[in-house]
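Q: Input structure: final09.txt, which contains compact mmCIF, C-alpha atoms.
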```txt
# COMPACT_ATOMS: atom_id res chain seq x y z
CA MET Y 88 51.35 68.31 4.74
CA SER Y 89 53.52 66.48 7.27
CA LYS Y 90 56.46 68.34 8.73
CA SER Y 91 59.78 66.53 8.88
CA LEU Y 92 60.69 66.33 12.58
CA GLU Y 93 64.25 66.83 13.67
CA CYS Y 94 65.39 63.97 15.89
CA THR Y 95 68.35 64.09 18.24
CA ALA Y 96 69.52 61.68 20.90
CA ILE Y 97 69.70 62.90 24.47
CA ALA Y 98 72.04 61.77 27.21
CA PRO Y 99 72.09 62.20 30.98
CA LYS Y 100 74.60 64.65 32.44
CA ASN Y 101 75.50 61.89 34.89
CA PRO Y 102 77.21 59.29 32.68
CA LEU Y 103 76.58 56.56 35.25
CA LEU Y 104 72.92 56.76 34.26
CA ASN Y 105 73.65 56.07 30.61
CA ALA Y 106 72.61 52.42 30.66
CA SER Y 107 72.66 52.26 26.86
CA ARG Y 108 76.31 53.14 26.68
CA ALA Y 109 77.30 51.15 29.77
CA GLY Y 110 75.64 48.03 28.45
CA ASN Y 111 76.60 48.69 24.82
CA LEU Y 112 72.93 48.41 24.04
CA PRO Y 113 71.29 49.38 20.74
CA HIS Y 114 69.24 52.22 22.09
CA VAL Y 115 69.70 55.76 23.35
CA PRO Y 116 68.66 56.93 26.81
CA GLY Y 117 66.18 59.18 25.09
CA ILE Y 118 65.43 61.00 21.89
CA ARG Y 119 64.02 64.38 21.09
CA ALA Y 120 61.64 64.38 18.14
CA GLY Y 121 60.15 67.76 17.38
CA ASP Y 122 58.26 68.92 20.45
CA TYR Y 123 58.52 65.57 22.24
CA ILE Y 124 61.07 63.63 24.22
CA PHE Y 125 60.75 59.84 24.34
CA LEU Y 126 62.76 58.13 27.09
CA SER Y 127 63.85 54.51 27.04
CA GLY Y 128 62.69 52.39 29.96
CA MET Y 129 64.59 53.27 33.11
CA VAL Y 130 65.43 50.91 35.95
CA PRO Y 131 66.66 51.52 39.51
CA ILE Y 132 70.34 52.40 39.14
CA ASP Y 133 72.20 54.10 41.98
CA PRO Y 134 73.29 57.45 40.46
CA ALA Y 135 76.41 57.51 42.66
CA THR Y 136 77.76 54.13 41.62
CA GLY Y 137 75.97 53.05 38.45
CA GLU Y 138 75.05 49.80 40.23
CA ARG Y 139 71.62 48.23 40.25
CA SER Y 140 69.57 48.94 43.36
CA HIS Y 141 67.62 46.01 44.74
CA GLY Y 142 66.09 47.51 47.88
CA PRO Y 143 62.38 47.59 48.71
CA ILE Y 144 60.09 48.61 45.87
CA ALA Y 145 59.47 52.10 47.29
CA GLU Y 146 63.19 52.81 47.16
CA GLN Y 147 63.49 51.35 43.65
CA VAL Y 148 60.65 53.52 42.36
CA ARG Y 149 62.10 56.59 44.05
CA ILE Y 150 65.53 56.04 42.53
CA THR Y 151 64.07 55.38 39.08
CA LEU Y 152 61.91 58.51 39.11
CA SER Y 153 64.80 60.63 40.44
CA ASN Y 154 66.91 59.35 37.59
CA MET Y 155 64.09 60.14 35.18
CA ARG Y 156 64.00 63.68 36.52
CA HIS Y 157 67.73 63.95 35.94
CA MET Y 158 67.42 62.57 32.40
CA LEU Y 159 64.68 65.05 31.48
CA GLU Y 160 66.50 67.99 33.05
CA SER Y 161 69.67 67.01 31.18
CA ALA Y 162 67.63 67.44 28.00
CA GLY Y 163 66.14 70.79 29.03
CA SER Y 164 62.79 69.36 30.07
CA SER Y 165 61.34 68.44 33.45
CA LEU Y 166 58.95 66.12 35.30
CA ASP Y 167 56.13 68.61 35.01
CA ARG Y 168 56.38 68.41 31.23
CA VAL Y 169 55.79 64.67 31.21
CA VAL Y 170 52.62 63.70 29.34
CA ARG Y 171 52.66 59.90 29.47
CA VAL Y 172 54.23 57.34 31.82
CA HIS Y 173 54.39 53.55 31.58
CA VAL Y 174 55.19 51.80 34.85
CA VAL Y 175 56.02 48.12 34.70
CA LEU Y 176 56.35 46.21 37.98
CA ALA Y 177 57.79 42.76 38.47
CA ASP Y 178 55.20 42.12 41.16
CA ILE Y 179 51.64 43.39 40.69
CA SER Y 180 51.12 43.53 44.44
CA HIS Y 181 53.58 46.47 44.54
CA MET Y 182 51.08 48.77 42.82
CA ALA Y 183 50.02 50.64 45.99
CA GLU Y 184 53.58 51.19 47.18
CA MET Y 185 54.59 52.38 43.73
CA ASP Y 186 51.66 54.75 43.60
CA ARG Y 187 52.54 56.28 46.96
CA VAL Y 188 56.06 57.17 45.83
CA TYR Y 189 54.89 58.14 42.33
CA ARG Y 190 52.62 60.82 43.79
CA GLU Y 191 55.64 62.46 45.44
CA PHE Y 192 57.09 63.07 41.99
CA PHE Y 193 53.86 64.02 40.24
CA PRO Y 194 51.87 65.73 42.98
CA VAL Y 195 49.80 68.08 40.83
CA ASP Y 196 48.19 67.54 37.40
CA PRO Y 197 49.94 64.19 36.90
CA PRO Y 198 50.63 62.84 33.41
CA ALA Y 199 48.67 60.03 31.79
CA ARG Y 200 49.80 56.74 33.30
CA THR Y 201 49.40 53.05 32.62
CA ALA Y 202 50.79 50.56 35.13
CA TRP Y 203 50.96 46.78 34.90
CA SER Y 204 53.18 43.82 35.70
CA MET Y 205 55.50 41.80 33.56
CA GLN Y 206 58.59 39.66 33.97
CA LEU Y 207 61.51 42.11 34.29
CA ARG Y 208 65.18 41.47 33.64
CA PHE Y 209 68.03 41.31 36.13
CA GLY Y 210 65.79 41.24 39.19
CA ASN Y 211 64.61 44.81 38.68
CA GLY Y 212 61.48 45.61 40.64
CA CYS Y 213 60.32 48.28 38.22
CA GLU Y 214 60.93 49.75 34.80
CA ILE Y 215 59.55 53.16 33.92
CA GLU Y 216 59.43 55.03 30.62
CA CYS Y 217 57.87 58.31 29.66
CA VAL Y 218 57.04 60.80 26.95
CA ALA Y 219 57.53 64.47 27.76
CA LEU Y 220 57.24 67.81 26.07
CA ALA Y 221 60.63 69.20 25.16
CA GLY Y 222 61.82 72.31 27.00
CA MET B 154 45.64 65.97 10.39
CA ARG B 155 45.13 62.26 11.00
CA GLU B 156 46.17 60.28 7.96
CA VAL B 157 45.80 56.53 7.59
CA ILE B 158 48.79 54.66 6.17
CA ALA B 159 47.32 51.75 4.26
CA ALA B 160 48.97 48.35 4.07
CA PRO B 161 51.66 48.59 1.36
CA LEU B 162 51.20 44.89 0.57
CA PRO B 163 48.06 42.80 1.03
CA GLY B 164 49.49 40.55 3.73
CA LEU B 165 49.98 43.50 6.05
CA ASP B 166 46.27 44.21 6.15
CA LEU B 167 45.57 42.49 9.47
CA ARG B 168 42.01 43.71 9.40
CA GLN B 169 41.28 41.71 6.31
CA HIS B 170 43.21 38.63 7.35
CA TYR B 171 42.53 38.45 11.06
CA GLY B 172 39.68 40.84 11.78
CA HIS B 173 41.97 43.08 13.83
CA HIS B 174 40.20 46.41 13.98
CA GLN B 175 43.23 48.59 13.34
CA SER B 176 44.97 50.53 10.59
CA PRO B 177 48.56 49.55 9.82
CA ALA B 178 49.75 53.04 10.84
CA ILE B 179 48.49 56.55 11.40
CA ARG B 180 50.40 59.75 10.63
CA ALA B 181 49.62 62.72 12.83
CA GLY B 182 51.51 65.68 14.27
CA GLY B 183 54.71 64.81 12.41
CA LEU B 184 54.80 61.29 13.87
CA ILE B 185 53.85 57.88 12.50
CA PHE B 186 52.20 55.55 15.02
CA CYS B 187 52.41 51.94 13.84
CA SER B 188 50.24 49.09 14.99
CA GLY B 189 52.22 46.31 16.63
CA MET B 190 54.07 44.60 13.81
CA LEU B 191 53.98 40.81 13.74
CA PRO B 192 55.91 38.15 11.84
CA ILE B 193 53.44 37.64 9.04
CA ASP B 194 54.12 37.24 5.36
CA ALA B 195 53.73 40.65 3.72
CA GLN B 196 52.17 39.15 0.59
CA THR B 197 49.91 36.43 1.96
CA GLY B 198 49.34 37.42 5.58
CA GLU B 199 50.34 33.94 6.74
CA ARG B 200 51.92 33.60 10.14
CA CYS B 201 55.66 33.01 10.05
CA HIS B 202 56.39 31.28 13.33
CA GLY B 203 60.04 30.51 13.96
CA THR B 204 62.83 31.45 16.28
CA LEU B 205 62.87 34.91 17.81
CA THR B 206 65.56 35.80 15.29
CA SER B 207 63.67 34.61 12.22
CA GLU B 208 60.46 36.27 13.42
CA ALA B 209 62.35 39.51 14.07
CA HIS B 210 63.73 39.53 10.51
CA VAL B 211 60.20 39.25 9.11
CA ILE B 212 58.98 42.02 11.39
CA PHE B 213 61.79 44.40 10.48
CA ARG B 214 61.29 43.75 6.76
CA ASN B 215 57.58 44.49 7.17
CA LEU B 216 58.33 47.68 9.09
CA LYS B 217 60.76 48.78 6.37
CA LEU B 218 57.99 48.41 3.79
CA LEU B 219 55.35 50.09 5.90
CA LEU B 220 57.52 53.05 6.90
CA ALA B 221 58.81 53.53 3.34
CA SER B 222 55.24 53.69 2.05
CA ALA B 223 54.63 56.43 4.63
CA GLY B 224 57.69 58.40 3.50
CA SER B 225 59.73 57.41 6.56
CA SER B 226 62.27 54.69 7.39
CA LEU B 227 63.87 52.61 10.14
CA ASP B 228 66.43 55.43 10.48
CA ARG B 229 63.63 57.71 11.64
CA LEU B 230 62.38 55.48 14.44
CA VAL B 231 61.77 57.49 17.58
CA GLN B 232 60.39 54.95 20.04
CA VAL B 233 60.29 51.17 20.06
CA HIS B 234 58.50 48.82 22.40
CA ALA B 235 60.00 45.42 21.78
CA LEU B 236 57.63 42.77 23.08
CA ILE B 237 59.29 39.43 23.61
CA TYR B 238 57.73 36.26 24.96
CA ASP B 239 60.50 35.57 27.51
CA SER B 240 63.25 37.80 28.84
CA ILE B 241 65.73 34.98 28.41
CA GLU B 242 65.90 35.98 24.73
CA TYR B 243 67.07 39.52 25.49
CA ASP B 244 70.53 39.02 23.99
CA VAL B 245 69.07 37.30 20.95
CA LEU B 246 66.78 40.28 20.44
CA ASN B 247 69.69 42.71 20.66
CA ARG B 248 71.76 40.76 18.13
CA VAL B 249 69.10 40.90 15.44
CA TYR B 250 67.90 44.39 16.42
CA ARG B 251 71.36 45.84 15.82
CA GLN B 252 71.27 44.68 12.22
CA TYR B 253 68.36 46.95 11.41
CA VAL B 254 68.66 49.85 13.82
CA VAL B 255 72.07 51.11 12.90
CA ASN B 256 72.17 54.88 12.82
CA GLY B 257 71.16 56.84 15.90
CA PRO B 258 68.97 54.14 17.46
CA PRO B 259 65.64 55.18 18.95
CA ALA B 260 64.46 55.14 22.57
CA ARG B 261 63.47 51.60 23.48
CA SER B 262 61.80 49.55 26.16
CA VAL B 263 61.82 45.78 26.04
CA TRP B 264 58.73 44.20 27.53
CA THR B 265 58.16 40.55 28.26
CA ALA B 266 54.56 40.00 27.34
CA GLN B 267 52.10 37.45 26.10
CA ILE B 268 51.98 38.00 22.35
CA GLU B 269 49.21 36.90 20.07
CA ALA B 270 49.26 33.58 18.26
CA GLY B 271 52.24 32.42 20.30
CA PHE B 272 54.65 34.67 18.45
CA LYS B 273 57.96 35.26 20.14
CA ILE B 274 58.28 38.92 19.25
CA GLU B 275 56.23 41.94 18.25
CA LEU B 276 57.48 45.48 17.63
CA ASP B 277 55.38 48.51 18.51
CA VAL B 278 57.04 51.59 17.02
CA VAL B 279 56.67 55.32 16.54
CA ALA B 280 58.66 56.99 13.77
CA ALA B 281 59.15 60.56 12.66
CA ALA B 282 57.33 61.35 9.46
CA MET F 158 43.52 60.79 33.16
CA ALA F 159 43.79 62.75 29.92
CA VAL F 160 46.66 65.14 29.44
CA ARG F 161 47.14 67.64 26.61
CA GLY F 162 50.65 67.92 25.25
CA GLY F 163 51.42 69.66 21.96
CA ASP F 164 49.16 68.33 19.21
CA PHE F 165 48.04 65.32 21.22
CA ILE F 166 45.98 64.19 24.15
CA PHE F 167 47.55 61.37 26.10
CA VAL F 168 45.03 59.19 27.95
CA SER F 169 45.99 56.99 30.89
CA GLY F 170 45.38 53.26 30.82
CA LEU F 171 41.69 53.01 31.64
CA THR F 172 40.05 50.20 33.54
CA ALA F 173 36.41 49.25 33.92
CA ILE F 174 35.25 51.69 36.57
CA ASP F 175 32.20 53.86 37.00
CA LEU F 176 33.67 57.30 36.22
CA ARG F 177 31.34 59.05 38.63
CA THR F 178 31.82 56.83 41.67
CA GLY F 179 35.18 55.20 40.96
CA GLU F 180 33.57 51.82 41.65
CA ARG F 181 35.19 48.92 39.85
CA MET F 182 32.87 47.27 37.37
CA CYS F 183 34.39 43.80 37.17
CA GLY F 184 32.97 41.48 34.60
CA THR F 185 33.92 39.59 31.49
CA THR F 186 36.58 40.92 29.15
CA ALA F 187 33.78 42.01 26.81
CA SER F 188 31.79 43.88 29.46
CA GLU F 189 34.91 45.51 30.86
CA THR F 190 36.00 46.55 27.36
CA ARG F 191 32.63 48.18 26.83
CA GLN F 192 32.90 50.11 30.12
CA VAL F 193 36.48 51.16 29.36
CA LEU F 194 35.63 52.43 25.88
CA ASP F 195 32.51 54.24 27.15
CA ASN F 196 34.79 55.94 29.67
CA LEU F 197 37.31 56.73 26.94
CA ARG F 198 34.68 58.34 24.77
CA GLN F 199 33.52 60.51 27.65
CA LEU F 200 37.05 61.57 28.60
CA LEU F 201 38.02 62.44 25.04
CA GLU F 202 34.87 64.43 24.41
CA ALA F 203 35.36 66.33 27.67
CA ALA F 204 38.84 67.21 26.42
CA GLY F 205 37.50 68.47 23.09
CA SER F 206 38.57 65.39 21.15
CA SER F 207 36.77 62.17 20.13
CA LEU F 208 37.20 58.49 19.34
CA GLU F 209 37.58 59.44 15.66
CA ARG F 210 40.70 61.44 16.50
CA VAL F 211 42.49 58.60 18.27
CA VAL F 212 45.76 57.78 16.51
CA LYS F 213 47.12 54.91 18.62
CA VAL F 214 45.68 52.45 21.14
CA ASN F 215 47.55 50.10 23.46
CA ALA F 216 45.39 47.35 24.92
CA LEU F 217 46.62 45.12 27.73
CA LEU F 218 44.71 41.91 28.40
CA HIS F 219 45.00 39.56 31.33
CA SER F 220 45.11 36.79 28.72
CA MET F 221 45.57 36.87 24.98
CA LEU F 222 42.93 34.14 24.75
CA GLU F 223 40.46 36.97 25.26
CA ALA F 224 41.71 39.05 22.35
CA SER F 225 38.76 38.33 20.08
CA ASN F 226 36.26 39.02 22.88
CA MET F 227 37.86 42.41 23.34
CA ASN F 228 38.00 43.03 19.60
CA GLU F 229 34.31 42.29 19.05
CA VAL F 230 33.37 45.10 21.42
CA TYR F 231 36.20 47.39 20.25
CA VAL F 232 34.94 47.27 16.65
CA ARG F 233 31.70 48.95 17.70
CA PHE F 234 33.44 51.98 19.21
CA PHE F 235 36.05 52.98 16.67
CA PRO F 236 34.68 54.12 13.32
CA ASP F 237 36.54 53.59 10.08
CA PRO F 238 39.37 54.04 9.59
CA PRO F 239 40.45 52.77 13.00
CA PRO F 240 43.57 53.93 14.86
CA ALA F 241 46.81 51.97 14.99
CA ARG F 242 46.80 49.42 17.82
CA THR F 243 48.98 47.03 19.78
CA VAL F 244 47.48 44.32 21.99
CA CYS F 245 49.41 42.12 24.40
CA GLY F 246 48.91 40.04 27.53
CA ALA F 247 50.29 41.01 30.92
CA LYS F 248 49.50 40.87 34.63
CA LEU F 249 46.99 43.59 35.34
CA PRO F 250 46.22 45.21 38.70
CA ASP F 251 43.14 44.52 40.83
CA GLY F 252 41.97 41.57 38.79
CA CYS F 253 41.24 43.76 35.77
CA LYS F 254 40.67 41.90 32.55
CA VAL F 255 41.61 44.77 30.25
CA ILE F 256 43.41 48.11 30.31
CA ILE F 257 43.22 50.45 27.33
CA GLU F 258 45.29 53.60 26.83
CA CYS F 259 45.43 55.83 23.81
CA THR F 260 46.88 58.89 22.16
CA ALA F 261 44.51 61.17 20.28
CA LEU F 262 44.75 64.40 18.33
CA ALA F 263 43.61 67.31 20.39
```
Any chance you could put this one into structure tokens?

A:
Amino acid sequence: MSKSLECTAIAPKNPLLNASRAGNLPHVPGIRAGDYIFLSGMVPIDPATGERSHGPIAEQVRITLSNMRHMLESAGSSLDRVVRVHVVLADISHMAEMDRVYREFFPVDPPARTAWSMQLRFGNGCEIECVALAG
Amino acid sequence: MREVIAAPLPGLDLRQHYGHHQSPAIRAGGLIFCSGMLPIDAQTGERCHGTLTSEAHVIFRNLKLLLASAGSSLDRLVQVHALIYDSIEYDVLNRVYRQYVVNGPPARSVWTAQIEAGFKIELDVVAAA
Amino acid sequence: MAVRGGDFIFVSGLTAIDLRTGERMCGTTASETRQVLDNLRQLLEAAGSSLERVVKVNALLHSMLEASNMNEVYVRFFPDPPPARTVCGAKLPDGCKVIIECTALA
């Protein structure tokens, strides 16, 4: 009837992007469950230093999506296998800027997306999570 | 293909108690999609307002029951959206969360949102069947 | 707006727009919910699925005070037994009152 999915945690090849481990937080950067990969929410972290990036929103979105690409590729997947994205912005007026950068990463046949605004922690301008098909 | 997981205890039937047009959970494609779980009494359906910690305990206990009735468990959580009413309670959330999500924790995003009935926390989860 | 992946179809958060023209159909939470769910039905059917095959819905409202207004319309679209659902309040773009996304079986 229902198959029992095998679930394994995934981790980025760049350890500076492992916010779960760095912050000793009770989650994994992502998890593979059967044919799917679920990523935890990602925020703008400079992949060279592991520090938060608080530049303009376009830069924050670009960094976050680059890191997401890295995370997926570390797990044998890729941006073009993403099926669903949730984009949370600290400031709803950043939607257009976010969308402009977003389209650079998902230029053709983009995944399903929902974008909205909420209070975000630590002054982050965006937080982005996704579901992707495993490689 | 698409199987409804009924409320394992009467209080968890939010449709009956609150007119929420939703099933407690749906199993499909090897995954269990749960409706947002709230701090309500599993027997009576009464709201259990309290601190974020006390509300979280009620929610996790309810999820344990619901997932067990679906043949799954908190150990098989795949994705969690933790909705909290104010990001100031982030550390409080983590403290209680750790008590229930012990082995191989799932992917998680913590969202600060307006939750129904003035609750401080709601958990929206997907588990492996 | 609807993407097939494995066993599922993942639908973007939908707002109250005219699907043909893209024009925003602002209104009350109830009228916007109706437009959104009409759009959802169309999108799912075009993808070979249907409202009956939806497994999970996430509904974002500009205010949780409007939850019952949304629910009253929602009830009329999803037949028994309804999908799993989570509803919360957040700041939505373009003055939208409601955004609804879902995951359905292909």

Q: Find the residues near F:Ala247: any atom within 12 Å, counting all atoms listed in the file, skip ones fewer than 5 places away on the same chain, and give them as a CSV table (one decimal) with C-alpha atoms, keeping the file's coordinate frame.

A:
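Below is the file part.csv, written as the result:
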```
chain,number,residue,atom,x,y,z
Y,175,VAL,CA,56.0,48.1,34.7
Y,176,LEU,CA,56.4,46.2,38.0
Y,177,ALA,CA,57.8,42.8,38.5
Y,178,ASP,CA,55.2,42.1,41.2
Y,179,ILE,CA,51.6,43.4,40.7
Y,202,ALA,CA,50.8,50.6,35.1
Y,203,TRP,CA,51.0,46.8,34.9
Y,204,SER,CA,53.2,43.8,35.7
Y,205,MET,CA,55.5,41.8,33.6
Y,206,GLN,CA,58.6,39.7,34.0
Y,207,LEU,CA,61.5,42.1,34.3
B,236,LEU,CA,57.6,42.8,23.1
B,237,ILE,CA,59.3,39.4,23.6
B,238,TYR,CA,57.7,36.3,25.0
B,264,TRP,CA,58.7,44.2,27.5
B,265,THR,CA,58.2,40.6,28.3
B,266,ALA,CA,54.6,40.0,27.3
B,267,GLN,CA,52.1,37.4,26.1
B,268,ILE,CA,52.0,38.0,22.4
B,269,GLU,CA,49.2,36.9,20.1
F,216,ALA,CA,45.4,47.4,24.9
F,217,LEU,CA,46.6,45.1,27.7
F,218,LEU,CA,44.7,41.9,28.4
F,219,HIS,CA,45.0,39.6,31.3
F,220,SER,CA,45.1,36.8,28.7
F,221,MET,CA,45.6,36.9,25.0
F,222,LEU,CA,42.9,34.1,24.8
F,252,GLY,CA,42.0,41.6,38.8
F,253,CYS,CA,41.2,43.8,35.8
F,254,LYS,CA,40.7,41.9,32.6
F,255,VAL,CA,41.6,44.8,30.2
F,256,ILE,CA,43.4,48.1,30.3
```

Q: Please check the contacts: residues of chain F at most 12 Å away from chain Y, using all atoms listed in the file, listed as a ChimeraX atom specification.

A: /F:158-172,215-219,245-260

Q: Could you jot down the atom CA of B:Gly182 to atom CA of B:Arg155 separation for me, Å, one decimal place?

A: 7.9 Å

Q: Up to 8 Å from chain F, what residues of chain B turn up? Count only C-alpha atoms and give them as a list in words.

A: Arg155, Val157, His173, His174, Gln175, Ser176, Pro177, Ala178, Ile179, Arg180, Ala181, Gly182, Phe186, Cys187, Ser188, Gly189, Ala266, Gln267, Ile268, Glu269 and Asp277 of chain B

Q: Tell me, in Å to one decimal, how far atom CA of Y:Leu126 is from atom CA of B:Gln252.

A: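 Result for atom CA of Y:Leu126 versus atom CA of B:Gln252: 21.8 Å, one decimal.
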
Q: Find the residues around F:Val193 up to 7 Å (only C-alpha atoms counted), leave out those fewer than 3 positions away in its own chain, and share them as a PyMOL selection string.

A: chain F and resi 171-173+189-190+196-197

Q: To one decimal place, how far is atom CA of Y:Gln147 from atom CA of Y:Asp133 in Å?

A: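 Taking atom CA of Y:Gln147 as the start and atom CA of Y:Asp133 as the end point, the length is 9.3 Å.
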
Q: Measuring atom to atom with only C-alpha atoms, identify which of Y:Ser91, Y:Ser161, Y:Asn101, Y:Asn111 is nearest to chain B.

A: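 Residue with the minimum atom-to-atom distance to chain B: Y:Ser91.
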
Q: Identify every residue of chain B that has at least one atom within 8 Å of any atom of chain Y, counting all atoms listed in the file, and report the result as a list in words.

A: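 Listing them in order of chain and number gives Ala181, Gly182, Gly183, Leu184, Arg229, Val231, Gln232, Asp239, Ser240, Asn247, Tyr250, Arg251, Val254, Gly257, Pro258, Pro259, Ala260, Arg261, Ser262, Val263, Trp264, Thr265, Ala266, Ala281 and Ala282 of chain B.
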
Q: Within 10 Å of Y:Glu191, counting all atoms listed in the file, which residues qualify if same-chain residues fewer than 5 places away don't, as number ranges by chain?

A: Y: 149, 152, 186
